[in-house]
file upload31.pdb (PDB, C-alpha atoms, pLDDT in the B column)
ATOM      1  CA  MET A1406       1.302  19.758  -3.431  1.00 59.00           C
ATOM      2  CA  ASN A1407      -1.209  21.377  -1.089  1.00 65.00           C
ATOM      3  CA  SER A1408      -4.140  20.038   0.900  1.00 64.00           C
ATOM      4  CA  SER A1409      -6.684  20.956  -1.789  1.00 66.00           C
ATOM      5  CA  GLU A1410      -5.062  18.449  -4.150  1.00 77.00           C
ATOM      6  CA  LEU A1411      -5.646  15.463  -1.857  1.00 93.00           C
ATOM      7  CA  GLU A1412      -7.946  12.810  -3.320  1.00 95.00           C
ATOM      8  CA  ILE A1413     -10.284  11.946  -0.460  1.00 96.00           C
ATOM      9  CA  LEU A1414     -11.875   8.517  -0.910  1.00 98.00           C
ATOM     10  CA  TYR A1415     -13.939   8.378   2.269  1.00 98.00           C
ATOM     11  CA  GLU A1416     -14.526  10.565   5.305  1.00 97.00           C
ATOM     12  CA  ASP A1417     -16.761  10.534   8.359  1.00 97.00           C
ATOM     13  CA  ASN A1418     -16.381  11.734  11.949  1.00 96.00           C
ATOM     14  CA  HIS A1419     -13.972   8.929  12.839  1.00 97.00           C
ATOM     15  CA  ILE A1420     -11.829   7.982   9.825  1.00 98.00           C
ATOM     16  CA  ILE A1421     -10.565   9.400   6.550  1.00 98.00           C
ATOM     17  CA  ALA A1422      -9.015   7.633   3.559  1.00 98.00           C
ATOM     18  CA  VAL A1423      -6.903   9.067   0.743  1.00 97.00           C
ATOM     19  CA  ASN A1424      -5.797   7.822  -2.656  1.00 97.00           C
ATOM     20  CA  LYS A1425      -2.029   8.229  -2.360  1.00 97.00           C
ATOM     21  CA  LYS A1426      -0.185   9.080  -5.559  1.00 95.00           C
ATOM     22  CA  ALA A1427       3.170   7.447  -6.289  1.00 96.00           C
ATOM     23  CA  GLY A1428       5.912   9.719  -4.965  1.00 93.00           C
ATOM     24  CA  GLN A1429       3.950  10.990  -1.982  1.00 94.00           C
ATOM     25  CA  ILE A1430       4.958   9.970   1.530  1.00 93.00           C
ATOM     26  CA  VAL A1431       2.497   9.009   4.265  1.00 92.00           C
ATOM     27  CA  GLN A1432       4.607  10.242   7.193  1.00 81.00           C
ATOM     28  CA  GLY A1433       7.602  12.534   7.442  1.00 70.00           C
ATOM     29  CA  ASP A1434      11.058  11.169   6.594  1.00 69.00           C
ATOM     30  CA  LYS A1435      14.616  12.420   6.104  1.00 71.00           C
ATOM     31  CA  THR A1436      13.697  14.043   2.770  1.00 73.00           C
ATOM     32  CA  GLU A1437      11.632  16.645   4.661  1.00 76.00           C
ATOM     33  CA  ASP A1438       8.976  16.476   1.931  1.00 84.00           C
ATOM     34  CA  ILE A1439       5.520  17.346   3.251  1.00 89.00           C
ATOM     35  CA  PRO A1440       3.740  14.063   4.069  1.00 93.00           C
ATOM     36  CA  ILE A1441       0.072  13.279   3.454  1.00 95.00           C
ATOM     37  CA  SER A1442      -0.501  13.161   7.229  1.00 94.00           C
ATOM     38  CA  GLU A1443       0.438  16.843   7.548  1.00 93.00           C
ATOM     39  CA  LEU A1444      -1.568  17.874   4.475  1.00 94.00           C
ATOM     40  CA  LEU A1445      -4.592  16.108   5.935  1.00 95.00           C
ATOM     41  CA  LYS A1446      -4.219  18.016   9.206  1.00 94.00           C
ATOM     42  CA  ILE A1447      -4.261  21.270   7.230  1.00 93.00           C
ATOM     43  CA  TYR A1448      -7.281  20.065   5.257  1.00 94.00           C
ATOM     44  CA  LEU A1449      -9.211  19.154   8.431  1.00 95.00           C
ATOM     45  CA  LYS A1450      -8.248  22.363  10.206  1.00 93.00           C
ATOM     46  CA  GLU A1451      -9.480  24.463   7.284  1.00 92.00           C
ATOM     47  CA  LYS A1452     -12.617  22.439   6.494  1.00 91.00           C
ATOM     48  CA  TYR A1453     -13.917  22.376  10.062  1.00 90.00           C
ATOM     49  CA  ASN A1454     -12.383  25.677  11.200  1.00 89.00           C
ATOM     50  CA  LYS A1455     -10.644  23.892  14.060  1.00 87.00           C
ATOM     51  CA  GLN A1456      -8.695  25.803  16.672  1.00 84.00           C
ATOM     52  CA  GLY A1457      -5.374  24.430  17.935  1.00 83.00           C
ATOM     53  CA  ASN A1458      -3.843  21.114  16.939  1.00 87.00           C
ATOM     54  CA  VAL A1459      -5.725  18.574  14.849  1.00 91.00           C
ATOM     55  CA  PHE A1460      -5.532  14.896  15.799  1.00 94.00           C
ATOM     56  CA  LEU A1461      -4.761  12.465  12.984  1.00 96.00           C
ATOM     57  CA  GLY A1462      -3.579   8.895  13.528  1.00 96.00           C
ATOM     58  CA  VAL A1463      -1.632   6.964  10.899  1.00 95.00           C
ATOM     59  CA  VAL A1464      -3.085   3.450  10.685  1.00 95.00           C
ATOM     60  CA  HIS A1465      -0.778   1.965   8.027  1.00 92.00           C
ATOM     61  CA  ARG A1466       1.681   3.083   5.353  1.00 91.00           C
ATOM     62  CA  LEU A1467       2.537   2.634   1.691  1.00 94.00           C
ATOM     63  CA  ASP A1468       6.049   2.922   0.254  1.00 93.00           C
ATOM     64  CA  ARG A1469       6.797   6.198  -1.546  1.00 94.00           C
ATOM     65  CA  PRO A1470       6.694   4.703  -5.098  1.00 97.00           C
ATOM     66  CA  VAL A1471       3.426   2.809  -4.426  1.00 97.00           C
ATOM     67  CA  SER A1472      -0.062   4.236  -5.041  1.00 98.00           C
ATOM     68  CA  GLY A1473      -3.445   3.500  -3.530  1.00 98.00           C
ATOM     69  CA  VAL A1474      -5.726   3.729  -0.526  1.00 98.00           C
ATOM     70  CA  VAL A1475      -4.311   4.835   2.834  1.00 97.00           C
ATOM     71  CA  LEU A1476      -6.460   4.951   5.946  1.00 97.00           C
ATOM     72  CA  PHE A1477      -6.174   7.458   8.820  1.00 98.00           C
ATOM     73  CA  ALA A1478      -8.010   7.861  12.133  1.00 98.00           C
ATOM     74  CA  LYS A1479      -9.564  11.176  13.194  1.00 97.00           C
ATOM     75  CA  THR A1480     -10.053  10.140  16.845  1.00 96.00           C
ATOM     76  CA  THR A1481      -7.954   8.264  19.385  1.00 96.00           C
ATOM     77  CA  LYS A1482     -10.724   5.693  19.886  1.00 97.00           C
ATOM     78  CA  ALA A1483     -10.824   4.921  16.153  1.00 98.00           C
ATOM     79  CA  LEU A1484      -7.022   4.704  16.011  1.00 97.00           C
ATOM     80  CA  THR A1485      -6.833   2.252  18.934  1.00 97.00           C
ATOM     81  CA  ARG A1486      -9.467  -0.016  17.426  1.00 97.00           C
ATOM     82  CA  LEU A1487      -7.997   0.128  13.907  1.00 97.00           C
ATOM     83  CA  ASN A1488      -4.509  -0.632  15.216  1.00 96.00           C
ATOM     84  CA  GLU A1489      -5.884  -3.718  16.963  1.00 96.00           C
ATOM     85  CA  MET A1490      -7.812  -4.733  13.847  1.00 94.00           C
ATOM     86  CA  PHE A1491      -4.712  -4.508  11.652  1.00 92.00           C
ATOM     87  CA  LYS A1492      -2.629  -6.326  14.266  1.00 90.00           C
ATOM     88  CA  LEU A1493      -5.133  -9.187  14.311  1.00 91.00           C
ATOM     89  CA  LYS A1494      -5.235  -9.197  10.479  1.00 89.00           C
ATOM     90  CA  GLU A1495      -8.948  -8.440  10.470  1.00 93.00           C
ATOM     91  CA  ALA A1496      -8.559  -5.845   7.711  1.00 94.00           C
ATOM     92  CA  LYS A1497      -8.120  -7.280   4.219  1.00 94.00           C
ATOM     93  CA  LYS A1498      -5.926  -5.369   1.763  1.00 94.00           C
ATOM     94  CA  THR A1499      -5.983  -6.116  -1.951  1.00 97.00           C
ATOM     95  CA  TYR A1500      -3.150  -4.985  -4.216  1.00 98.00           C
ATOM     96  CA  TYR A1501      -2.479  -5.198  -7.948  1.00 98.00           C
ATOM     97  CA  ALA A1502       1.022  -5.477  -9.392  1.00 98.00           C
ATOM     98  CA  ILE A1503       2.351  -5.399 -12.944  1.00 98.00           C
ATOM     99  CA  CYS A1504       5.300  -7.736 -13.559  1.00 98.00           C
ATOM    100  CA  GLY A1505       7.438  -8.349 -16.639  1.00 96.00           C
ATOM    101  CA  ASN A1506       7.756 -12.092 -16.040  1.00 97.00           C
ATOM    102  CA  LYS A1507       5.074 -14.731 -15.673  1.00 96.00           C
ATOM    103  CA  PRO A1508       5.086 -16.304 -12.187  1.00 97.00           C
ATOM    104  CA  PRO A1509       5.895 -20.037 -11.930  1.00 96.00           C
ATOM    105  CA  LYS A1510       2.224 -20.724 -11.100  1.00 97.00           C
ATOM    106  CA  ASP A1511      -0.953 -18.912 -12.137  1.00 97.00           C
ATOM    107  CA  GLU A1512      -1.840 -18.625  -8.471  1.00 98.00           C
ATOM    108  CA  ASP A1513      -0.011 -19.496  -5.283  1.00 98.00           C
ATOM    109  CA  THR A1514       0.507 -18.669  -1.626  1.00 98.00           C
ATOM    110  CA  LEU A1515       4.004 -17.408  -0.824  1.00 98.00           C
ATOM    111  CA  ILE A1516       5.332 -17.941   2.694  1.00 97.00           C
ATOM    112  CA  TYR A1517       8.859 -16.742   3.436  1.00 96.00           C
ATOM    113  CA  ASN A1518      11.077 -15.643   6.288  1.00 97.00           C
ATOM    114  CA  ILE A1519      11.777 -11.985   5.582  1.00 97.00           C
ATOM    115  CA  TYR A1520      14.573  -9.869   7.048  1.00 95.00           C
ATOM    116  CA  ARG A1521      14.616  -6.079   6.995  1.00 96.00           C
ATOM    117  CA  ASP A1522      17.960  -4.348   6.565  1.00 95.00           C
ATOM    118  CA  GLU A1523      17.254  -0.842   7.837  1.00 92.00           C
ATOM    119  CA  GLY A1524      20.619   0.495   6.660  1.00 91.00           C
ATOM    120  CA  LYS A1525      19.870  -0.467   3.058  1.00 93.00           C
ATOM    121  CA  ASN A1526      16.115   0.169   3.433  1.00 92.00           C
ATOM    122  CA  LYS A1527      15.546  -3.207   1.812  1.00 95.00           C
ATOM    123  CA  SER A1528      14.129  -6.594   2.786  1.00 96.00           C
ATOM    124  CA  PHE A1529      15.664  -9.984   2.053  1.00 96.00           C
ATOM    125  CA  ILE A1530      14.435 -13.563   2.081  1.00 96.00           C
ATOM    126  CA  ARG A1531      16.154 -15.891   4.521  1.00 95.00           C
ATOM    127  CA  LYS A1532      15.900 -19.673   4.189  1.00 91.00           C
ATOM    128  CA  LYS A1533      15.914 -20.237   7.937  1.00 91.00           C
ATOM    129  CA  GLU A1534      13.774 -18.582  10.557  1.00 91.00           C
ATOM    130  CA  SER A1535      15.658 -16.530  13.135  1.00 92.00           C
ATOM    131  CA  LYS A1536      15.040 -13.828  15.713  1.00 92.00           C
ATOM    132  CA  GLU A1537      15.771 -11.253  12.975  1.00 93.00           C
ATOM    133  CA  THR A1538      13.173 -12.593  10.529  1.00 95.00           C
ATOM    134  CA  LYS A1539       9.402 -12.342  10.344  1.00 96.00           C
ATOM    135  CA  THR A1540       6.982 -14.599   8.502  1.00 96.00           C
ATOM    136  CA  ALA A1541       5.617 -12.978   5.348  1.00 96.00           C
ATOM    137  CA  ILE A1542       2.495 -14.399   3.699  1.00 96.00           C
ATOM    138  CA  LEU A1543       0.666 -13.336   0.562  1.00 97.00           C
ATOM    139  CA  ARG A1544      -1.517 -14.984  -2.042  1.00 98.00           C
ATOM    140  CA  TYR A1545      -1.334 -13.942  -5.689  1.00 98.00           C
ATOM    141  CA  LYS A1546      -3.286 -14.756  -8.830  1.00 98.00           C
ATOM    142  CA  VAL A1547      -2.458 -13.868 -12.435  1.00 98.00           C
ATOM    143  CA  ILE A1548      -5.621 -12.216 -13.729  1.00 97.00           C
ATOM    144  CA  ASN A1549      -4.579 -10.595 -17.026  1.00 97.00           C
ATOM    145  CA  LYS A1550      -1.673 -10.118 -19.415  1.00 96.00           C
ATOM    146  CA  SER A1551      -0.540  -7.954 -22.313  1.00 94.00           C
ATOM    147  CA  GLU A1552       2.190  -8.621 -24.872  1.00 93.00           C
ATOM    148  CA  LYS A1553       4.945  -7.963 -22.339  1.00 95.00           C
ATOM    149  CA  TYR A1554       3.379  -7.767 -18.890  1.00 97.00           C
ATOM    150  CA  PHE A1555       1.319  -9.732 -16.380  1.00 98.00           C
ATOM    151  CA  LEU A1556      -1.224  -8.341 -13.904  1.00 98.00           C
ATOM    152  CA  LEU A1557      -1.311  -9.981 -10.479  1.00 98.00           C
ATOM    153  CA  GLU A1558      -4.019  -9.624  -7.865  1.00 98.00           C
ATOM    154  CA  ILE A1559      -2.497  -9.900  -4.395  1.00 98.00           C
ATOM    155  CA  ASP A1560      -4.175 -10.732  -1.100  1.00 96.00           C
ATOM    156  CA  LEU A1561      -1.757  -9.454   1.519  1.00 92.00           C
ATOM    157  CA  GLN A1562      -1.991 -11.522   4.694  1.00 91.00           C
ATOM    158  CA  THR A1563       0.884  -9.975   6.670  1.00 91.00           C
ATOM    159  CA  GLY A1564       2.262  -6.449   6.601  1.00 89.00           C
ATOM    160  CA  ARG A1565       6.040  -6.687   6.388  1.00 93.00           C
ATOM    161  CA  HIS A1566       8.499  -4.090   5.110  1.00 94.00           C
ATOM    162  CA  HIS A1567       8.576  -4.189   1.267  1.00 97.00           C
ATOM    163  CA  GLN A1568       6.872  -7.576   1.492  1.00 96.00           C
ATOM    164  CA  ILE A1569       5.158  -7.725  -1.901  1.00 98.00           C
ATOM    165  CA  ARG A1570       8.186  -6.295  -3.689  1.00 98.00           C
ATOM    166  CA  CYS A1571      10.583  -8.712  -2.014  1.00 98.00           C
ATOM    167  CA  GLN A1572       8.456 -11.846  -2.347  1.00 98.00           C
ATOM    168  CA  LEU A1573       7.589 -11.321  -6.013  1.00 98.00           C
ATOM    169  CA  ALA A1574      11.249 -10.674  -6.796  1.00 98.00           C
ATOM    170  CA  GLU A1575      12.112 -13.952  -5.049  1.00 97.00           C
ATOM    171  CA  ILE A1576       9.959 -15.916  -7.526  1.00 98.00           C
ATOM    172  CA  GLY A1577      11.533 -14.109 -10.482  1.00 97.00           C
ATOM    173  CA  CYS A1578       8.792 -11.513 -10.926  1.00 98.00           C
ATOM    174  CA  PRO A1579      10.057  -8.084  -9.806  1.00 98.00           C
ATOM    175  CA  ILE A1580       7.428  -5.367 -10.116  1.00 98.00           C
ATOM    176  CA  LYS A1581       7.655  -3.101 -13.155  1.00 98.00           C
ATOM    177  CA  GLY A1582       9.834  -0.092 -12.351  1.00 98.00           C
ATOM    178  CA  ASP A1583      11.221  -1.522  -9.112  1.00 98.00           C
ATOM    179  CA  LEU A1584      14.979  -1.184  -9.612  1.00 97.00           C
ATOM    180  CA  LYS A1585      15.634  -1.920  -5.929  1.00 97.00           C
ATOM    181  CA  TYR A1586      14.247  -5.445  -6.329  1.00 98.00           C
ATOM    182  CA  GLY A1587      15.620  -6.321  -9.723  1.00 97.00           C
ATOM    183  CA  PHE A1588      13.480  -4.799 -12.474  1.00 97.00           C
ATOM    184  CA  LEU A1589      15.731  -3.593 -15.281  1.00 95.00           C
ATOM    185  CA  ARG A1590      14.211  -0.168 -15.956  1.00 96.00           C
ATOM    186  CA  SER A1591      12.592   2.513 -13.861  1.00 96.00           C
ATOM    187  CA  ASN A1592       9.181   3.977 -14.636  1.00 96.00           C
ATOM    188  CA  PRO A1593       9.314   7.522 -16.074  1.00 94.00           C
ATOM    189  CA  ASP A1594       7.657   8.979 -12.959  1.00 93.00           C
ATOM    190  CA  ALA A1595       9.844   6.949 -10.539  1.00 94.00           C
ATOM    191  CA  SER A1596       6.794   4.948  -9.433  1.00 97.00           C
ATOM    192  CA  ILE A1597       6.610   1.184  -9.270  1.00 98.00           C
ATOM    193  CA  SER A1598       3.583  -0.561 -10.758  1.00 98.00           C
ATOM    194  CA  LEU A1599       2.052  -1.603  -7.443  1.00 98.00           C
ATOM    195  CA  HIS A1600      -1.354  -0.263  -6.383  1.00 98.00           C
ATOM    196  CA  SER A1601      -3.259  -0.722  -3.131  1.00 98.00           C
ATOM    197  CA  ALA A1602      -6.727  -0.940  -4.636  1.00 98.00           C
ATOM    198  CA  LYS A1603      -8.979  -1.905  -1.745  1.00 97.00           C
ATOM    199  CA  ILE A1604      -9.274  -2.171   2.040  1.00 97.00           C
ATOM    200  CA  ASN A1605     -12.099  -4.271   3.456  1.00 97.00           C
ATOM    201  CA  PHE A1606     -12.727  -3.914   7.197  1.00 97.00           C
ATOM    202  CA  VAL A1607     -15.323  -3.286   9.896  1.00 97.00           C
ATOM    203  CA  HIS A1608     -15.790   0.367  10.815  1.00 97.00           C
ATOM    204  CA  PRO A1609     -14.079   0.886  14.201  1.00 97.00           C
ATOM    205  CA  ILE A1610     -17.002   2.827  15.712  1.00 97.00           C
ATOM    206  CA  LYS A1611     -20.115   2.023  13.669  1.00 96.00           C
ATOM    207  CA  GLN A1612     -19.227  -1.689  13.565  1.00 96.00           C
ATOM    208  CA  GLU A1613     -20.468  -1.928   9.974  1.00 97.00           C
ATOM    209  CA  PRO A1614     -18.608  -3.614   7.064  1.00 97.00           C
ATOM    210  CA  LEU A1615     -16.817  -1.058   4.919  1.00 98.00           C
ATOM    211  CA  ILE A1616     -14.918  -1.360   1.651  1.00 98.00           C
ATOM    212  CA  ILE A1617     -12.807   1.570   0.454  1.00 98.00           C
ATOM    213  CA  THR A1618     -11.428   1.428  -3.084  1.00 98.00           C
ATOM    214  CA  ALA A1619      -8.854   3.599  -4.832  1.00 98.00           C
ATOM    215  CA  PRO A1620      -8.936   4.324  -8.580  1.00 97.00           C
ATOM    216  CA  PHE A1621      -5.993   2.929 -10.537  1.00 97.00           C
ATOM    217  CA  PRO A1622      -3.220   5.241 -11.783  1.00 95.00           C
ATOM    218  CA  LYS A1623      -4.037   7.064 -15.021  1.00 92.00           C
ATOM    219  CA  ASP A1624      -1.630   5.157 -17.225  1.00 92.00           C
ATOM    220  CA  ASN A1625      -2.060   3.363 -20.570  1.00 94.00           C
ATOM    221  CA  LEU A1626      -0.633   0.048 -19.354  1.00 95.00           C
ATOM    222  CA  TRP A1627      -2.816   0.024 -16.254  1.00 97.00           C
ATOM    223  CA  ASN A1628      -5.826   0.856 -18.438  1.00 95.00           C
ATOM    224  CA  ILE A1629      -5.121  -2.092 -20.722  1.00 95.00           C
ATOM    225  CA  LEU A1630      -4.526  -4.605 -17.933  1.00 97.00           C
ATOM    226  CA  ILE A1631      -7.433  -3.685 -15.654  1.00 95.00           C
ATOM    227  CA  GLU A1632      -9.957  -3.741 -18.465  1.00 88.00           C
ATOM    228  CA  ASN A1633     -12.582  -6.462 -17.929  1.00 78.00           C
ATOM    229  CA  ILE A1634     -11.303  -7.498 -14.493  1.00 77.00           C
TER     230      ILE A1634
END
call {"tool": "encode", "arguments": {"input": "upload31.pdb", "output": "structure tokens"}}
result
Amino acid sequence: MNSSELEILYEDNHIIAVNKKAGQIVQGDKTEDIPISELLKIYLKEKYNKQGNVFLGVVHRLDRPVSGVVLFAKTTKALTRLNEMFKLKEAKKTYYAICGNKPPKDEDTLIYNIYRDEGKNKSFIRKKESKETKTAILRYKVINKSEKYFLLEIDLQTGRHHQIRCQLAEIGCPIKGDLKYGFLRSNPDASISLHSAKINFVHPIKQEPLIITAPFPKDNLWNILIENI
């Protein structure tokens, strides 16, 4: 992939947002695949004919197999303010997940103690709170279904490692394609059926409400389930 293939959702002088495809990485990792952050620097350097290094701040991340909107800062001032906004949970992120099992309730708030095992790159639910755990909170609602699958809308209230994947698996609803958290089969493209569809926040410089949305993956099942929502 090169910088010309990036799907830019929003850009101004202070921030830029991209629709991440499943399989892409936001920042560099041990695979040495080229991350979106580096492709964006190339894109900005070429578009604005910039000399020297280009500043780009990573505001938040999505797991490699997850798709959807990712926000970056083009200035240090925007990055500082966005970091504070995300820390204070002032930015609202809405996800959609496809699961093979119906959740116990049509809608619910899940609150768990979550523990990240860095060696296994996996998170686990712990019954008791400890210094190793963090509180993970999300609210879900079943909004559509097909013959075999259920579509959940998820309001993410904390940003823990693999939080949505781990919490849905805990209630018996692993996300379609997510072998790591208990789904039986992988998706053909190695994605999992989890999409970050929308970020709602106040612009860090203009101080105006802003909603950035990302188109859903081009996939027959997604097309069926998101129809009429």
call {"tool": "closest_atom_pairs", "arguments": {"input": "upload31.pdb", "of": "range 1507-1617 of chain A", "to": "range 1455-1467 of chain A", "cutoff": "10 Å", "atoms": "all atoms listed in the file", "output": "JSON lines"}}
result
{"residue": "A:Gly1564", "atom": "CA", "partner": "A:His1465", "partner_atom": "CA", "distance": 9.1}
{"residue": "A:His1566", "atom": "CA", "partner": "A:Leu1467", "partner_atom": "CA", "distance": 9.6}
{"residue": "A:His1567", "atom": "CA", "partner": "A:Leu1467", "partner_atom": "CA", "distance": 9.1}
{"residue": "A:His1600", "atom": "CA", "partner": "A:Leu1467", "partner_atom": "CA", "distance": 9.4}
{"residue": "A:Ser1601", "atom": "CA", "partner": "A:Leu1467", "partner_atom": "CA", "distance": 8.3}
call {"tool": "residues_around", "arguments": {"input": "upload31.pdb", "residues": "Leu1543 in chain A", "least_positions_apart": "2", "cutoff": "9 Å", "atoms": "all atoms listed in the file", "output": "PDB file with C-alpha atoms, in the frame of the given file"}}
result
ATOM      1  CA  ASP A1513      -0.011 -19.496  -5.283  1.00 98.00           C
ATOM      2  CA  THR A1514       0.507 -18.669  -1.626  1.00 98.00           C
ATOM      3  CA  LEU A1515       4.004 -17.408  -0.824  1.00 98.00           C
ATOM      4  CA  ILE A1516       5.332 -17.941   2.694  1.00 97.00           C
ATOM      5  CA  ALA A1541       5.617 -12.978   5.348  1.00 96.00           C
ATOM      6  CA  TYR A1545      -1.334 -13.942  -5.689  1.00 98.00           C
ATOM      7  CA  ILE A1559      -2.497  -9.900  -4.395  1.00 98.00           C
ATOM      8  CA  ASP A1560      -4.175 -10.732  -1.100  1.00 96.00           C
ATOM      9  CA  LEU A1561      -1.757  -9.454   1.519  1.00 92.00           C
ATOM     10  CA  GLN A1562      -1.991 -11.522   4.694  1.00 91.00           C
ATOM     11  CA  THR A1563       0.884  -9.975   6.670  1.00 91.00           C
ATOM     12  CA  GLN A1568       6.872  -7.576   1.492  1.00 96.00           C
ATOM     13  CA  ILE A1569       5.158  -7.725  -1.901  1.00 98.00           C
ATOM     14  CA  GLN A1572       8.456 -11.846  -2.347  1.00 98.00           C
TER      15      GLN A1572
END
call {"tool": "resolve_selection", "arguments": {"input": "upload31.pdb", "expression": "the PyMOL selection byres ((chain A and resi 1520) around 10)", "output": "PyMOL selection string"}}
result
chain A and resi 1517-1519+1521-1523+1527-1531+1534-1541+1565-1566+1568+1571
call {"tool": "resolve_selection", "arguments": {"input": "upload31.pdb", "expression": "the PyMOL selection byres ((chain A and resi 1417-1424) around 8)", "output": "PDB file with C-alpha atoms, in the coordinates of the input"}}
result
ATOM      1  CA  LEU A1411      -5.646  15.463  -1.857  1.00 93.00           C
ATOM      2  CA  GLU A1412      -7.946  12.810  -3.320  1.00 95.00           C
ATOM      3  CA  ILE A1413     -10.284  11.946  -0.460  1.00 96.00           C
ATOM      4  CA  LEU A1414     -11.875   8.517  -0.910  1.00 98.00           C
ATOM      5  CA  TYR A1415     -13.939   8.378   2.269  1.00 98.00           C
ATOM      6  CA  GLU A1416     -14.526  10.565   5.305  1.00 97.00           C
ATOM      7  CA  LYS A1425      -2.029   8.229  -2.360  1.00 97.00           C
ATOM      8  CA  LYS A1426      -0.185   9.080  -5.559  1.00 95.00           C
ATOM      9  CA  SER A1472      -0.062   4.236  -5.041  1.00 98.00           C
ATOM     10  CA  GLY A1473      -3.445   3.500  -3.530  1.00 98.00           C
ATOM     11  CA  VAL A1474      -5.726   3.729  -0.526  1.00 98.00           C
ATOM     12  CA  VAL A1475      -4.311   4.835   2.834  1.00 97.00           C
ATOM     13  CA  LEU A1476      -6.460   4.951   5.946  1.00 97.00           C
ATOM     14  CA  PHE A1477      -6.174   7.458   8.820  1.00 98.00           C
ATOM     15  CA  ALA A1478      -8.010   7.861  12.133  1.00 98.00           C
ATOM     16  CA  LYS A1479      -9.564  11.176  13.194  1.00 97.00           C
ATOM     17  CA  THR A1480     -10.053  10.140  16.845  1.00 96.00           C
ATOM     18  CA  ALA A1483     -10.824   4.921  16.153  1.00 98.00           C
ATOM     19  CA  ILE A1610     -17.002   2.827  15.712  1.00 97.00           C
ATOM     20  CA  ILE A1617     -12.807   1.570   0.454  1.00 98.00           C
ATOM     21  CA  ALA A1619      -8.854   3.599  -4.832  1.00 98.00           C
ATOM     22  CA  PRO A1620      -8.936   4.324  -8.580  1.00 97.00           C
TER      23      PRO A1620
END
call {"tool": "closest_residue", "arguments": {"input": "upload31.pdb", "among": "A:Ile1439, A:Ile1580, A:Leu1449, A:Ile1604", "to": "Lys1507 in chain A", "atoms": "only C-alpha atoms"}}
result
A:Ile1580
call {"tool": "axis_aligned_box", "arguments": {"input": "upload31.pdb", "around": "range 1500-1507 of chain A", "padding_each_side": "8 Å", "output": "lines of an AutoDock Vina configuration file"}}
result
center_x = 2.3
center_y = -9.9
center_z = -10.4
size_x = 26.9
size_y = 25.7
size_z = 28.4
call {"tool": "resolve_selection", "arguments": {"input": "upload31.pdb", "expression": "the PyMOL selection byres ((chain A and resi 1608) around 10)", "output": "PyMOL selection string"}}
result
chain A and resi 1419-1420+1483+1486-1487+1490+1605-1607+1609-1616
call {"tool": "residues_near_point", "arguments": {"input": "upload31.pdb", "point": "(-6.2, -4.9, -10.1)", "cutoff": "9 Å", "atoms": "only C-alpha atoms", "output": "list in words"}}
result
Thr1499, Tyr1500, Tyr1501, Ala1502, Ile1548, Leu1556, Leu1557, Glu1558, Ile1559, His1600, Ser1601, Ala1602, Phe1621, Trp1627, Leu1630, Ile1631 and Ile1634 of chain A
call {"tool": "closest_residue", "arguments": {"input": "upload31.pdb", "among": "A:Ala1427, A:Ile1629, A:Leu1445, A:Ile1597", "to": "Cys1504 in chain A", "atoms": "all atoms listed in the file"}}
result
A:Ile1597
call {"tool": "closest_residue", "arguments": {"input": "upload31.pdb", "among": "A:Arg1469, A:Lys1510, A:Lys1494, A:Lys1482", "to": "Asp1594 in chain A", "atoms": "only C-alpha atoms"}}
result
A:Arg1469
call {"tool": "closest_residue", "arguments": {"input": "upload31.pdb", "among": "A:Lys1533, A:Leu1589, A:Lys1498, A:Glu1410", "to": "Ile1447 in chain A", "atoms": "only C-alpha atoms"}}
result
A:Glu1410
call {"tool": "atom_distance", "arguments": {"input": "upload31.pdb", "atom1": "CA of Phe1555 in chain A", "atom2": "CA of Ile1542 in chain A"}}
result
20.6 Å
call {"tool": "atom_distance", "arguments": {"input": "upload31.pdb", "atom1": "CA of Glu1552 in chain A", "atom2": "CA of Asp1468 in chain A"}}
result
27.9 Å
call {"tool": "residues_around", "arguments": {"input": "upload31.pdb", "residues": "Glu1512 in chain A", "least_positions_apart": "4", "cutoff": "8 Å", "atoms": "all atoms listed in the file", "output": "compact mmCIF listing (two decimals) with C-alpha atoms, in the coordinates of the input"}}
result
# COMPACT_ATOMS: atom_id res chain seq x y z
CA ARG A 1544 -1.52 -14.98 -2.04
CA TYR A 1545 -1.33 -13.94 -5.69
CA LYS A 1546 -3.29 -14.76 -8.83
CA VAL A 1547 -2.46 -13.87 -12.44
call {"tool": "closest_residue", "arguments": {"input": "upload31.pdb", "among": "A:Thr1618, A:Pro1470, A:Leu1584, A:Ile1441", "to": "Ser1598 in chain A", "atoms": "only C-alpha atoms"}}
result
A:Pro1470
call {"tool": "residues_around", "arguments": {"input": "upload31.pdb", "residues": "Phe1588 in chain A", "least_positions_apart": "3", "cutoff": "12 Å", "atoms": "all atoms listed in the file", "output": "number ranges by chain"}}
result
A: 1503-1506, 1570-1571, 1573-1575, 1577-1585, 1591-1592, 1597-1598
call {"tool": "atom_distance", "arguments": {"input": "upload31.pdb", "atom1": "CA of Leu1626 in chain A", "atom2": "CA of Val1431 in chain A"}}
result
25.5 Å
call {"tool": "build_atoms", "arguments": {"input": "upload31.pdb", "residues": "range 1418-1422 of chain A", "atoms": "N, CA and C atoms", "output": "short mmCIF file (atom, residue, chain, number, x, y, z; two decimals), keeping the file's coordinate frame"}}
result
data_model
loop_
_atom_site.label_atom_id
_atom_site.label_comp_id
_atom_site.auth_asym_id
_atom_site.auth_seq_id
_atom_site.Cartn_x
_atom_site.Cartn_y
_atom_site.Cartn_z
N ASN A 1418 -16.87 11.10 10.72
CA ASN A 1418 -16.38 11.73 11.95
C ASN A 1418 -15.20 11.00 12.58
N HIS A 1419 -14.95 9.77 12.16
CA HIS A 1419 -13.97 8.93 12.84
C HIS A 1419 -12.75 8.57 12.00
N ILE A 1420 -12.93 8.41 10.70
CA ILE A 1420 -11.83 7.98 9.82
C ILE A 1420 -11.83 8.79 8.53
N ILE A 1421 -10.69 8.76 7.86
CA ILE A 1421 -10.56 9.40 6.55
C ILE A 1421 -9.58 8.58 5.72
N ALA A 1422 -9.87 8.41 4.45
CA ALA A 1422 -9.02 7.63 3.56
C ALA A 1422 -8.67 8.46 2.32
#
